[in-house]
Every structure is written in C-alpha cells, then in structure tokens.
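Working notes, structure below.
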Amino acid sequence: MSTAREAVADIPAGSVLAVGGFGLCGVPIRLIDALLEQGADGLTTISNNCGVDDQALGVLLYAGRIARTISSFVGGNKELARLYLSGQLEVELTPQGTLAERLRAGGTGIPAFYTPTGVGTLVADGGIPIRYDADGNVVEVSRPKEVREFDGQQYVLETALRADYGLVRAAVGDRHGNLVFHESAANFNPLAGMAARVTIAEVEELVEPGEITPEHVHLPGVFVDRVVHVGPEGKGIEKRTTRPRAQAQLDAPAAAGDEGPTDPTFGGQA
C-alpha cells in the first residue's frame with residue numbers, strides 16, 4: 001500500500017481490531033491515526049492496553065470510536081475509566097498471558113484451551129463488570145467459565161480470539177509481508193497479526209523479498225495481507241522518570257544516614 005490511509009480505507013464501522021503494542025512500544029501509530037481520519041466507529045479493540053490517555057489507541061477512544069475493548073491493563077487511561085464507569089464503553093478484562101494465548105490460539109486454529117491462570121477468582125467464577133449504565137450501576141458481568149481437573153490441578157477453559165483486522169508495527173518488512181520486530185517491540189504484534197483475517201503492517205524499513213533470511217522472520221507473510229512503509233519516527237515515552245546527574249549527587253551533602261551514591265557512573269545506589 002502506498003499510504004496508511006489507503007491501507008485502512010475499507011475498515012468498516014463495527015469491526016473487531018487486534019492491535020499490537022505494549023504501552024507505547026511497538027504501537028502502529030500511523031495506522032491508528034489513519035483510521036481516526038477515516039472515521040470508522042463502533043469498534044471493538046483487542047490489545048494489551050487501550051492506549052495511554054490520548055496517545056496510540058487513546059486517540060480513537062477520545063474520539064468515541066471504540067465501543068468495546070478486550071484488554072489486560074486499563075489502569076493507565078483516565079478517559080477509559082470515565083467511559084467505562086459511565087456506561088459508554090464495554091470492557092472485557094483478561095489476564096495478560098491469557099490474552100496473548102487467546103490471540104495465538106486464534107491464529108493457529110485452536111478454538112479454546114485450558115490454563116491454570118484465574119482458577120478460584122472472578123476470571124473463572126464470573127462477575128467481573130463488563131458494562132455499567134449511565135448511573136454507575138453494573139448491567140452486565142462476565143459469565144462463569146468451565147473449570148476442569150487434570151492430574152490433580154484445576155484449569156479454566158479460555159476461548160480463542162479472532163479479529164476482522166490486525167494492525168501491527170514492524171521494524172523491517174518485505175513486499176511479501178514477512179516481518180521482523182525490534183526486540184521488545186515484538187510484544188503483542190505477532191499475535192495480533194496471526195489472529196486477524198486481514199492483517200495490515202506498518203514498517204519502518206521496507207526491503208525486497210529475499211533480503212530477510214527465513215530464520216530471521218518473526219511473522220511470516222502468510223499472516224500479513226497489506227504492508228505500508230512509514231519510515232522511522234520519534235517514539236513517545238509513556239512515563240518519563242529522571243534522576244539527578246551523577247556529579248550533582250556527588251556535590252550535594254549527604255542526608256543523615258545516607259551513604260550517597262556508590263557508583264557515580266549510574267548516578268545512584270543499586
């Protein structure tokens with residue numbers, strides 16, 4: 001595809017999207033921004049977290065385009081909390097590892113699997129609020145799941161996740177859709193790409209077929225339908241934390257009982 005706008009042009013309202021990324025790492029920002037401009041609404045998103053306030057998927061959330069999210073962590077998004085508690089957004093919470101495996105299962109044709117994660121909690125027993133009304137009353141909760149014993153241990157049955165479209169970001173891709181992810185930016189990207197019927201990848205570097213050796217491919221092109229070259233771009237920082245420079249710490253008088261930094265190279269104690 002020549003542009004991100006072209007790549008997402010046919011995504012209709014009400015689609016289910018599997019979106020890669022973890023916080024702001026490995027998020028397909030260009031595709032999300034293009035989808036915001038395109039205007040599709042009533043979307044269901046499957047992602048580790050539904051954006052970070054008004055960044056990443058948060059731009060769709062703030063614009064009122066997302067109706068339901070299936071996520072693992074939603075605590076870092078104030079707008080999500082507001083929409084959820086006021087009845088404007090449905091939220092299905094699932095443990096992080098379980099979310100990953102549900103996507104992987106969807107991509108490999110496995111309809112369901114058993115896992116010990118969640119046994120003895122509301123994850124298995126049901127009762128997690130999914131939807132509130134405008135007055136803050138719970139009107140829909142998660143249903144109980146099948147629990148079965150294997151070799152003396154209990155396991156809960158979790159179903160696979162499938163999406164209409166997958167949005168992923170890769171460091172390198174070729175014109176056949178073979179993708180390489182950079183270190184931790186892989187996170188949920190391969191899984192989101194596997195679980196979707198139509199997967200769209202934005203890539204920082206586009207190469208010709210054969211330039212990526214088979215053993216270096218992280219997501220094979222058989223899972224990827226569209227590739228758009230977006231080039232490198234500045235990446236946001238989800239939570240910026242700083243510490244005083246090493247020399248400033250050495251020059252400052254030590255507080256009572258404080259031995260001060262033990263390694264000036266790193267500006268503080270281990």
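Residues in the structure tokens are named by chain (A, B, ... in the order shown) and by number from 1 within that chain; ligands are numbered from 1 in the order shown.
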Quick one: residues within 6 Å of Ala18 in chain A, only C-alpha atoms, excluding same-chain residues fewer than 4 positions away - as a compact mmCIF listing (two decimals) with N, CA and C atoms, in the first residue's frame?
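And here is the file that came out, out.txt:
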# COMPACT_ATOMS: atom_id res chain seq x y z
N THR A 45 -11.74 -3.32 20.14
CA THR A 45 -10.30 -3.47 20.06
C THR A 45 -9.83 -4.58 21.00
N ILE A 46 -8.89 -5.36 20.51
CA ILE A 46 -8.22 -6.39 21.31
C ILE A 46 -6.77 -5.95 21.43
N ALA A 163 -10.01 -11.64 15.04
CA ALA A 163 -10.33 -10.26 14.71
C ALA A 163 -10.58 -10.12 13.22
N GLY A 166 -6.11 -6.83 11.75
CA GLY A 166 -4.99 -6.71 12.67
C GLY A 166 -4.12 -5.54 12.25
N ALA A 192 -1.23 -10.42 17.36
CA ALA A 192 -2.31 -9.66 16.74
C ALA A 192 -2.35 -9.92 15.24
Write down as an MDAnalysis selection string the residues of range 36-235 of chain A whose backbone DSSP state falls under alpha helix (DSSP H). chainID A and resid 36:38 58:62 78:85 96:108 122:125 189:195
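Distances to Leu191 in chain A were evaluated for A:Ser72, A:Gln55, A:Thr108, A:Thr3 using only C-alpha atoms, and the minimum falls at A:Thr108.
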Using only C-alpha atoms, can you tell me which of A:Asp41, A:Glu204, A:Asp53, A:Asp164 comes closest to His182 in chain A? A:Glu204
Could you list, as a PDB file with C-alpha atoms, in the first residue's frame, every residue within 9 Å of Asp174 in chain A, counting only C-alpha atoms and ignoring same-chain residues fewer than 5 positions away?
ATOM      1  CA  LEU A 179       8.087  -9.059   9.235  1.00  0.00           C
ATOM      2  CA  VAL A 203       7.045  -0.978   8.654  1.00  0.00           C
ATOM      3  CA  GLU A 205      12.125  -0.215   6.657  1.00  0.00           C
ATOM      4  CA  LEU A 206      10.813  -1.874   3.504  1.00  0.00           C
ATOM      5  CA  VAL A 207      13.075  -4.377   1.733  1.00  0.00           C
ATOM      6  CA  GLU A 208      12.715  -6.645  -1.262  1.00  0.00           C
ATOM      7  CA  PRO A 209      11.733 -10.322  -0.956  1.00  0.00           C
ATOM      8  CA  GLY A 210      14.745 -12.447  -0.090  1.00  0.00           C
ATOM      9  CA  GLU A 211      16.559  -9.738   1.858  1.00  0.00           C
ATOM     10  CA  ILE A 212      15.182 -11.130   5.126  1.00  0.00           C
ATOM     11  CA  GLY A 221       3.982 -13.186   5.191  1.00  0.00           C
ATOM     12  CA  VAL A 227       2.274  -3.580   4.049  1.00  0.00           C
TER      13      VAL A 227
END
Can you pull out every residue from range 5-215 of chain A that DSSP, working from the backbone, puts in strand (DSSP E or B), and format the result as a count of residues only? 71
List the neighbours of Ile128 in chain A out to 7 Å using only C-alpha atoms; skip same-chain residues closer than 5 positions along the sequence, and give me the result as a ChimeraX atom specification. /A:122,141-142
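Remark: for Cys25 in chain A, the closest of the candidate residues A:Val198, A:Ile237, A:Ile66, A:Ala134 is A:Ile237 (distances computed over only C-alpha atoms).
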Give me the residues near Gly177 in chain A as a VMD selection string, where near means some atom within 8 Å (using only C-alpha atoms) and where sequence neighbours in that chain fewer than 6 positions away do not count. chain A and resid 201 220 to 227
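With only C-alpha atoms as the atoms that count, the residue of A:Ser15, A:Thr242, A:Asn187, A:Ser71 with the shortest distance to Ala40 in chain A is A:Ser15.
The spacing separating CA of Asn189 in chain A from CA of Thr241 in chain A amounts to 26.1 Å.
Going from CA of Gly58 in chain A over to CA of Gly173 in chain A, you cover 26.0 Å.
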Could you jot down the CA of Asn178 in chain A to CA of Phe113 in chain A separation for me, Å, one decimal place? 27.9 Å
